[in-house]
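Q: So here's protein-v8.tsv (TSV, C-alpha atoms).
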chain	number	residue	atom	x	y	z
A	17	MET	CA	23.01	-20.25	-9.41
A	18	ILE	CA	20.83	-17.19	-9.84
A	19	HIS	CA	21.35	-14.11	-7.70
A	20	VAL	CA	18.41	-12.08	-6.43
A	21	TYR	CA	19.19	-8.37	-6.60
A	22	LEU	CA	17.51	-5.39	-4.97
A	23	PRO	CA	16.00	-3.62	-7.99
A	24	ASP	CA	16.06	0.09	-8.66
A	25	LEU	CA	13.03	1.37	-6.71
A	26	GLY	CA	13.02	4.89	-8.11
A	27	GLU	CA	15.00	8.05	-8.51
A	28	ASN	CA	16.78	9.13	-5.33
A	29	ILE	CA	16.06	5.84	-3.56
A	30	THR	CA	19.52	4.78	-2.50
A	31	LYS	CA	18.64	2.18	0.10
A	32	ALA	CA	15.88	-0.01	1.51
A	33	THR	CA	15.52	-2.08	4.66
A	34	ILE	CA	14.90	-5.80	4.44
A	35	SER	CA	11.64	-6.19	6.33
A	36	TYR	CA	10.48	-9.75	5.75
A	37	TRP	CA	11.62	-12.99	4.14
A	38	TYR	CA	8.73	-15.12	2.93
A	39	PHE	CA	10.93	-18.23	2.88
A	40	GLU	CA	13.78	-19.67	4.89
A	41	ARG	CA	17.07	-20.88	3.50
A	42	GLY	CA	16.64	-24.28	1.84
A	43	ALA	CA	13.01	-23.67	0.83
A	44	ALA	CA	11.67	-24.36	-2.65
A	45	VAL	CA	10.54	-21.16	-4.36
A	46	THR	CA	8.51	-20.57	-7.50
A	47	GLU	CA	9.32	-18.02	-10.16
A	48	GLY	CA	7.31	-14.83	-9.65
A	49	SER	CA	6.24	-15.59	-6.09
A	50	ASP	CA	6.93	-13.11	-3.28
A	51	LEU	CA	10.42	-13.77	-1.97
A	52	VAL	CA	11.39	-10.85	0.20
A	53	GLU	CA	9.73	-7.63	1.30
A	54	VAL	CA	11.80	-4.46	1.53
A	55	ALA	CA	10.73	-1.12	2.97
A	56	THR	CA	11.60	2.45	2.11
A	57	ASP	CA	9.92	5.47	3.62
A	58	LYS	CA	6.19	4.57	3.83
A	59	ALA	CA	6.35	1.95	1.10
A	60	THR	CA	6.91	-1.78	1.08
A	61	PHE	CA	8.00	-3.59	-2.05
A	62	ASN	CA	7.90	-7.32	-2.69
A	63	VAL	CA	10.86	-8.65	-4.62
A	64	PRO	CA	9.70	-11.72	-6.57
A	65	ALA	CA	11.74	-14.88	-7.08
A	66	PRO	CA	13.46	-14.57	-10.50
A	67	CYS	CA	13.29	-18.34	-11.10
A	68	SER	CA	12.01	-21.56	-9.57
A	69	GLY	CA	14.43	-23.50	-7.44
A	70	THR	CA	15.93	-23.76	-3.99
A	71	LEU	CA	16.78	-20.74	-1.89
A	72	VAL	CA	20.36	-21.72	-1.05
A	73	GLU	CA	21.60	-18.50	0.52
A	74	ILE	CA	20.17	-15.37	2.12
A	75	THR	CA	22.73	-12.58	2.01
A	76	ALA	CA	20.71	-9.67	3.38
A	77	HIS	CA	18.78	-10.42	6.55
A	78	GLU	CA	15.72	-8.79	8.11
A	79	GLY	CA	16.70	-5.38	9.44
A	80	ASP	CA	19.69	-5.06	7.12
A	81	VAL	CA	19.94	-2.10	4.78
A	82	ALA	CA	20.57	-2.87	1.10
A	83	ARG	CA	21.29	-0.70	-1.91
A	84	PRO	CA	19.89	-1.16	-5.42
A	85	GLY	CA	22.02	-3.76	-7.15
A	86	ASP	CA	22.99	-5.53	-3.92
A	87	VAL	CA	22.63	-9.31	-3.88
A	88	LEU	CA	19.89	-10.31	-1.43
A	89	ALA	CA	19.90	-14.05	-1.98
A	90	THR	CA	20.94	-16.91	-4.25
A	91	ILE	CA	18.65	-19.49	-5.81
A	92	GLU	CA	19.78	-22.80	-7.25
A	93	GLU	CA	17.64	-23.15	-10.30
A	94	ASP	CA	15.52	-26.27	-10.84
A	95	THR	CA	17.18	-28.48	-13.43
A	96	VAL	CA	15.27	-29.62	-16.49
A	97	THR	CA	14.48	-33.32	-15.98
A	98	ASP	CA	13.01	-34.28	-19.38
A	99	GLY	CA	16.26	-35.87	-20.60
A	100	ASP	CA	16.77	-37.80	-17.34
A	101	ASP	CA	13.25	-39.20	-17.56
A	102	ASP	CA	13.96	-40.46	-21.08
A	103	ASP	CA	17.14	-42.18	-19.86
A	104	ARG	CA	15.31	-43.89	-17.03
A	105	GLU	CA	12.69	-45.16	-19.44
A	106	ILE	CA	15.34	-46.60	-21.74
A	107	ASN	CA	17.11	-48.32	-18.84
A	108	ALA	CA	13.86	-49.74	-17.51
A	109	THR	CA	12.94	-51.27	-20.80
A	110	GLY	CA	16.46	-52.31	-21.75
B	28	MET	CA	-17.84	-7.16	-12.82
B	29	LYS	CA	-19.52	-8.46	-9.68
B	30	LEU	CA	-17.36	-8.42	-6.59
B	31	PRO	CA	-18.20	-11.03	-3.97
B	32	GLY	CA	-19.17	-9.78	-0.54
B	33	LEU	CA	-20.00	-6.30	-1.70
B	34	SER	CA	-23.65	-5.50	-2.12
B	35	GLU	CA	-23.42	-1.78	-2.76
B	36	ASN	CA	-20.75	-1.32	-5.38
B	37	ARG	CA	-21.03	2.02	-7.01
B	38	ILE	CA	-19.06	2.10	-10.21
B	39	LEU	CA	-18.29	5.74	-10.96
B	40	SER	CA	-16.26	5.10	-14.06
B	41	TYR	CA	-15.50	2.04	-16.08
B	42	ALA	CA	-12.91	2.08	-18.80
B	43	ALA	CA	-9.18	1.41	-18.72
B	44	SER	CA	-9.58	2.39	-15.09
B	45	ARG	CA	-12.44	2.45	-12.64
B	46	ILE	CA	-13.46	3.86	-9.31
B	47	LEU	CA	-15.27	1.69	-6.78
B	48	ASP	CA	-16.90	3.56	-3.94
B	49	VAL	CA	-17.83	0.69	-1.66
B	50	GLY	CA	-18.84	2.68	1.43
B	51	PRO	CA	-18.32	1.14	4.89
B	52	LEU	CA	-16.13	-1.94	4.66
B	53	ASP	CA	-14.21	-4.03	7.20
B	54	TYR	CA	-10.45	-3.64	6.94
B	55	GLU	CA	-9.96	-7.34	6.32
B	56	GLU	CA	-12.52	-7.41	3.50
B	57	ALA	CA	-10.96	-4.33	1.94
B	58	LEU	CA	-7.56	-6.00	2.02
B	59	ALA	CA	-8.95	-9.14	0.38
B	60	LEU	CA	-10.58	-7.03	-2.33
B	61	GLN	CA	-7.33	-5.17	-2.96
B	62	LYS	CA	-5.33	-8.38	-3.25
B	63	LYS	CA	-7.83	-9.85	-5.68
B	64	ILE	CA	-7.58	-6.81	-7.96
B	65	VAL	CA	-3.79	-6.62	-7.55
B	66	ALA	CA	-3.51	-10.23	-8.79
B	67	GLU	CA	-5.71	-9.38	-11.78
B	68	VAL	CA	-3.67	-6.31	-12.68
B	69	ILE	CA	-0.38	-8.22	-12.31
B	70	SER	CA	-1.74	-10.86	-14.68
B	71	GLY	CA	-2.36	-8.19	-17.29
B	72	TRP	CA	-6.11	-8.85	-17.37
B	73	GLY	CA	-7.18	-6.56	-14.56
B	74	THR	CA	-8.32	-2.96	-14.50
B	75	GLU	CA	-6.51	-0.27	-12.58
B	76	THR	CA	-8.91	0.60	-9.76
B	77	LEU	CA	-9.39	3.21	-7.08
B	78	ILE	CA	-11.23	1.66	-4.13
B	79	ILE	CA	-12.87	4.22	-1.86
B	80	CYS	CA	-14.16	3.11	1.52
B	81	GLU	CA	-14.60	3.94	5.18
B	82	HIS	CA	-13.61	1.46	7.88
B	83	PRO	CA	-15.25	0.65	11.19
B	84	PRO	CA	-12.86	1.55	14.04
B	85	VAL	CA	-9.62	-0.38	13.58
B	86	VAL	CA	-5.95	0.06	14.43
B	87	THR	CA	-3.58	-1.33	11.82
B	88	TYR	CA	0.16	-1.72	12.00
B	89	GLY	CA	3.06	-2.60	9.72
B	90	ARG	CA	5.73	-5.26	10.12
B	91	ARG	CA	8.21	-2.76	11.51
B	92	THR	CA	5.87	-1.18	14.05
B	93	LEU	CA	7.45	-0.93	17.47
B	94	GLN	CA	5.52	-2.12	20.50
B	95	GLU	CA	6.14	1.25	22.14
B	96	ASN	CA	3.90	2.90	19.51
B	97	PHE	CA	0.91	1.19	21.14
B	98	LEU	CA	-0.07	3.19	24.20
B	99	VAL	CA	-2.66	0.64	25.33
B	100	SER	CA	-2.88	-3.14	24.98
B	101	PHE	CA	-4.69	-4.95	22.17
B	102	ASP	CA	-7.27	-6.12	24.71
B	103	GLU	CA	-7.91	-2.55	25.80
B	104	LEU	CA	-8.35	-1.49	22.18
B	105	ARG	CA	-10.85	-4.28	21.60
B	106	ALA	CA	-12.70	-3.33	24.79
B	107	LEU	CA	-13.08	0.14	23.27
B	108	GLY	CA	-14.66	-1.41	20.18
B	109	ILE	CA	-11.53	-0.92	18.09
B	110	GLY	CA	-10.28	-3.83	16.00
B	111	VAL	CA	-6.57	-4.56	15.63
B	112	TYR	CA	-5.12	-5.80	12.37
B	113	PRO	CA	-1.58	-6.36	11.02
B	114	ALA	CA	-1.02	-4.87	7.56
B	115	ASP	CA	1.63	-5.62	4.96
B	116	ARG	CA	2.18	-2.00	4.08
B	117	GLY	CA	4.79	0.62	4.67
B	118	GLY	CA	4.37	2.96	7.59
B	119	ASP	CA	3.71	2.50	11.25
B	120	VAL	CA	0.61	2.08	13.38
B	121	THR	CA	-2.48	4.09	12.45
B	122	TYR	CA	-6.18	4.32	13.15
B	123	HIS	CA	-9.09	4.10	10.72
B	124	GLY	CA	-12.67	4.92	11.60
B	125	PRO	CA	-15.92	6.56	10.53
B	126	GLY	CA	-15.55	10.06	9.07
B	127	GLN	CA	-12.24	9.16	7.45
B	128	ILE	CA	-11.98	8.81	3.67
B	129	VAL	CA	-9.77	5.91	2.64
B	130	PHE	CA	-8.35	5.59	-0.87
B	131	TYR	CA	-6.80	2.31	-2.01
B	132	PRO	CA	-5.46	2.82	-5.54
B	133	ILE	CA	-4.51	-0.36	-7.41
B	134	LEU	CA	-2.19	1.10	-10.02
B	135	ASP	CA	0.37	-0.49	-12.31
B	136	LEU	CA	3.64	1.35	-11.73
B	137	ARG	CA	5.19	-0.59	-14.61
B	138	ARG	CA	3.27	1.90	-16.78
B	139	ARG	CA	3.98	4.83	-14.48
B	140	GLY	CA	7.73	5.05	-14.14
B	141	ARG	CA	8.55	2.48	-11.42
B	142	ASP	CA	9.31	5.01	-8.71
B	143	LEU	CA	7.98	4.36	-5.20
B	144	HIS	CA	8.75	7.77	-3.74
B	145	PHE	CA	7.37	9.62	-6.75
B	146	TYR	CA	4.14	7.71	-6.26
B	147	LEU	CA	4.04	8.68	-2.56
B	148	ARG	CA	4.50	12.33	-3.56
B	149	GLN	CA	1.67	12.00	-6.10
B	150	LEU	CA	-0.67	10.70	-3.39
B	151	GLU	CA	0.26	13.67	-1.21
B	152	LEU	CA	-0.39	16.01	-4.12
B	153	CYS	CA	-3.81	14.46	-4.61
B	154	VAL	CA	-4.80	15.45	-1.05
B	155	ILE	CA	-3.06	18.85	-1.17
B	156	ASN	CA	-4.80	19.91	-4.39
B	157	ALA	CA	-8.20	18.81	-3.09
B	158	LEU	CA	-7.87	20.67	0.20
B	159	ARG	CA	-6.36	23.83	-1.26
B	160	GLY	CA	-8.68	24.17	-4.23
B	161	ARG	CA	-12.20	23.83	-2.90
B	162	PHE	CA	-11.66	24.29	0.82
B	163	GLY	CA	-8.92	26.91	0.89
B	164	LEU	CA	-6.83	25.01	3.41
B	165	ASN	CA	-3.10	25.60	3.34
B	166	ALA	CA	-2.27	21.91	3.03
B	167	TYR	CA	1.36	20.98	2.62
B	168	ARG	CA	3.88	18.17	2.81
B	169	LYS	CA	6.91	18.07	5.10
B	170	GLU	CA	10.37	17.45	3.75
B	171	GLY	CA	11.62	14.04	4.77
B	172	LEU	CA	8.21	12.82	5.96
B	173	THR	CA	5.22	11.28	4.21
B	174	GLY	CA	1.69	12.60	4.67
B	175	VAL	CA	-0.22	15.87	4.44
B	176	TRP	CA	-0.35	18.57	7.08
B	177	VAL	CA	-2.51	21.64	7.72
B	178	GLY	CA	-0.86	24.01	10.18
B	179	PRO	CA	0.86	21.84	12.80
B	180	TYR	CA	-1.57	18.98	12.31
B	181	LYS	CA	-1.23	15.91	10.17
B	182	VAL	CA	-4.55	15.32	8.39
B	183	ALA	CA	-3.71	12.51	5.96
B	184	SER	CA	-1.65	9.37	6.44
B	185	ILE	CA	-0.10	7.45	3.58
B	186	GLY	CA	1.30	3.94	3.48
B	187	ILE	CA	1.62	1.71	0.44
B	188	GLY	CA	2.43	-1.84	-0.52
B	189	VAL	CA	3.77	-2.73	-3.97
B	190	LYS	CA	3.73	-6.20	-5.46
B	191	ASN	CA	5.23	-6.78	-8.91
B	192	TRP	CA	5.05	-3.00	-9.30
B	193	VAL	CA	1.29	-2.97	-8.67
B	194	THR	CA	0.21	-0.80	-5.74
B	195	TYR	CA	-2.21	-1.41	-2.90
B	196	HIS	CA	-3.00	0.23	0.45
B	197	GLY	CA	-2.93	4.02	0.04
B	198	LEU	CA	-4.12	7.09	1.90
B	199	ALA	CA	-6.49	8.01	4.72
B	200	LEU	CA	-7.80	11.55	5.10
B	201	ASN	CA	-9.42	12.54	8.37
B	202	VAL	CA	-12.46	14.61	7.50
B	203	ALA	CA	-14.87	14.29	10.40
B	204	THR	CA	-13.14	11.50	12.27
B	205	ASP	CA	-13.45	11.13	16.04
B	206	MET	CA	-9.79	11.71	16.88
B	207	ALA	CA	-9.95	10.30	20.43
B	208	PRO	CA	-8.85	6.78	19.36
B	209	PHE	CA	-5.59	8.27	18.03
B	210	GLU	CA	-4.70	8.81	21.69
B	211	THR	CA	-4.28	5.05	22.05
B	212	ILE	CA	-1.32	4.93	19.64
B	213	ARG	CA	1.70	6.91	18.53
B	214	ALA	CA	0.25	7.32	15.06
B	215	CYS	CA	2.69	6.80	12.18
B	216	GLY	CA	5.54	6.49	14.66
B	217	GLY	CA	4.99	9.99	16.03
B	218	ASP	CA	4.86	12.21	12.94
B	219	GLY	CA	3.09	14.86	14.95
B	220	ARG	CA	-0.39	15.68	16.18
B	221	MET	CA	-3.28	14.49	14.07
B	222	ALA	CA	-6.47	16.41	13.29
B	223	ALA	CA	-9.60	16.07	11.20
B	224	ILE	CA	-10.11	18.84	8.68
B	225	ALA	CA	-13.62	19.50	10.02
B	226	SER	CA	-11.91	21.06	13.04
B	227	PHE	CA	-10.62	23.89	10.83
B	228	PHE	CA	-14.16	25.03	10.02
B	229	ARG	CA	-16.62	26.80	12.24
B	230	ASP	CA	-19.38	24.52	11.04
B	231	GLU	CA	-18.17	21.09	12.04
B	232	ASP	CA	-20.65	19.45	9.67
B	233	LEU	CA	-18.21	19.55	6.79
B	234	PRO	CA	-19.83	17.04	4.44
B	235	VAL	CA	-17.64	13.99	3.96
B	236	GLN	CA	-19.26	13.39	0.58
B	237	GLU	CA	-18.19	16.81	-0.72
B	238	VAL	CA	-14.61	16.27	0.39
B	239	LYS	CA	-14.67	12.83	-1.18
B	240	GLU	CA	-15.82	14.23	-4.52
B	241	CYS	CA	-13.01	16.81	-4.50
B	242	LEU	CA	-10.50	14.13	-3.63
B	243	VAL	CA	-11.75	11.90	-6.45
B	244	GLU	CA	-11.49	14.78	-8.91
B	245	SER	CA	-7.97	15.52	-7.77
B	246	PHE	CA	-7.07	11.84	-8.05
B	247	ARG	CA	-8.44	11.65	-11.60
B	248	GLU	CA	-6.40	14.67	-12.66
B	249	ILE	CA	-3.19	13.17	-11.35
B	250	PHE	CA	-3.64	9.50	-12.16
B	251	PHE	CA	-6.32	9.07	-14.82
B	252	GLN	CA	-7.01	10.94	-17.98
B	253	THR	CA	-10.64	11.77	-18.63
B	254	ASP	CA	-11.04	8.66	-20.76
B	255	GLY	CA	-9.89	6.55	-17.83
B	256	ARG	CA	-6.47	5.74	-19.21
B	257	PRO	CA	-3.47	6.17	-16.95
B	258	THR	CA	-1.77	9.53	-17.20
B	259	PRO	CA	1.61	9.01	-18.88
For the file at hand, write its structure as structure tokens.
A:
Amino acid sequence: MIHVYLPDLGENITKATISYWYFERGAAVTEGSDLVEVATDKATFNVPAPCSGTLVEITAHEGDVARPGDVLATIEEDTVTDGDDDDREINATG
Amino acid sequence: MKLPGLSENRILSYAASRILDVGPLDYEEALALQKKIVAEVISGWGTETLIICEHPPVVTYGRRTLQENFLVSFDELRALGIGVYPADRGGDVTYHGPGQIVFYPILDLRRRGRDLHFYLRQLELCVINALRGRFGLNAYRKEGLTGVWVGPYKVASIGIGVKNWVTYHGLALNVATDMAPFETIRACGGDGRMAAIASFFRDEDLPVQEVKECLVESFREIFFQTDGRPTP
């Protein structure tokens, strides 16, 4: 499980409002894609997905206020399937 | 670099950074152009760019804009010849139109300190320096708010979007703008009365081009070194 944190957005920025989730819980997300938009003052900031996987939990919802370091969501990382594929091939031919 | 859909690109500088003065441009096209350059800069292959343009009449609003900040319906706006467009930027509802200089800087904040509010203050400073230096206007910022004021009037609105620490959207300075359409909205959520800087001069023909050149110079001083590299 990988947590998505609100990053440090600058000196003296102690909080930001969650303004938009690009995905719903349960969705597949890709590393680097826009995950959630937060707003502070007259700026919006897109927090990217830190890994590819399934968005299993959203902790901070639209309208909530979060602080840098707060967990916004949790992603279950995609598992590497190379080894499984090899096993299947062995079974199929065995 | 040829940019699709733009026939009159005027490249004022071309180095580690560049300035594109594209003239009149639909809001939607400007947004598409910004996103294209943002993606290039994020990839590490793009060039930091200042897009300068002027929009046909359009009201734009952010995700958090309250319905009450629209004083007329969307249909009424359209009947007045004013487009309506949702924008993924910070800030509230605002109006763009002829006579207004719009700056959309695509800058990589990964190389500039990763500080959203500091960047907002730099944009304000860009406008303040331009208006104070050449035009002698007592432009200032207000504590706790974002934008630039002259006397009791707000003259420049600022709202930014940041994606992977690369900026888009930016600032709009009312130079010779028809301010009547601002009466259809509570601009920027009600930050105060808006005015065009031409109204501070006896001769209302304050040349937009001259103001633009001052603003570009101010921008260069703050954001680009003379060789086009980002200021550390």
Q: Could you write out as a ChimeraX atom specification the residues of chain B within 10 Å of chain A, counting only C-alpha atoms?
A: /B:89-91,115-119,140-147,171-174,184-197,215
Q: Nearest residue to Gly73 (chain B) out of B:Asp48, B:Asp135, B:Glu95, B:Glu151, using only C-alpha atoms?
A: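 For Gly73 (chain B), the nearest of the given residues is B:Asp135.
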Q: Can you measure CA of Arg83 (chain A) to CA of Val20 (chain A) for me? One decimal in Å is fine.
A: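 The value is 12.6 Å.
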Q: Between CA of Glu240 (chain B) and CA of Gln252 (chain B), measure the distance and give it in Å to one decimal.
A: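 Spanning CA of Glu240 (chain B) to CA of Gln252 (chain B) is a straight-line distance of 16.4 Å.
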Q: Could you tell me how far CA of Leu104 (chain B) lies from CA of Gly126 (chain B), in Å and to one decimal?
A: 18.9 Å
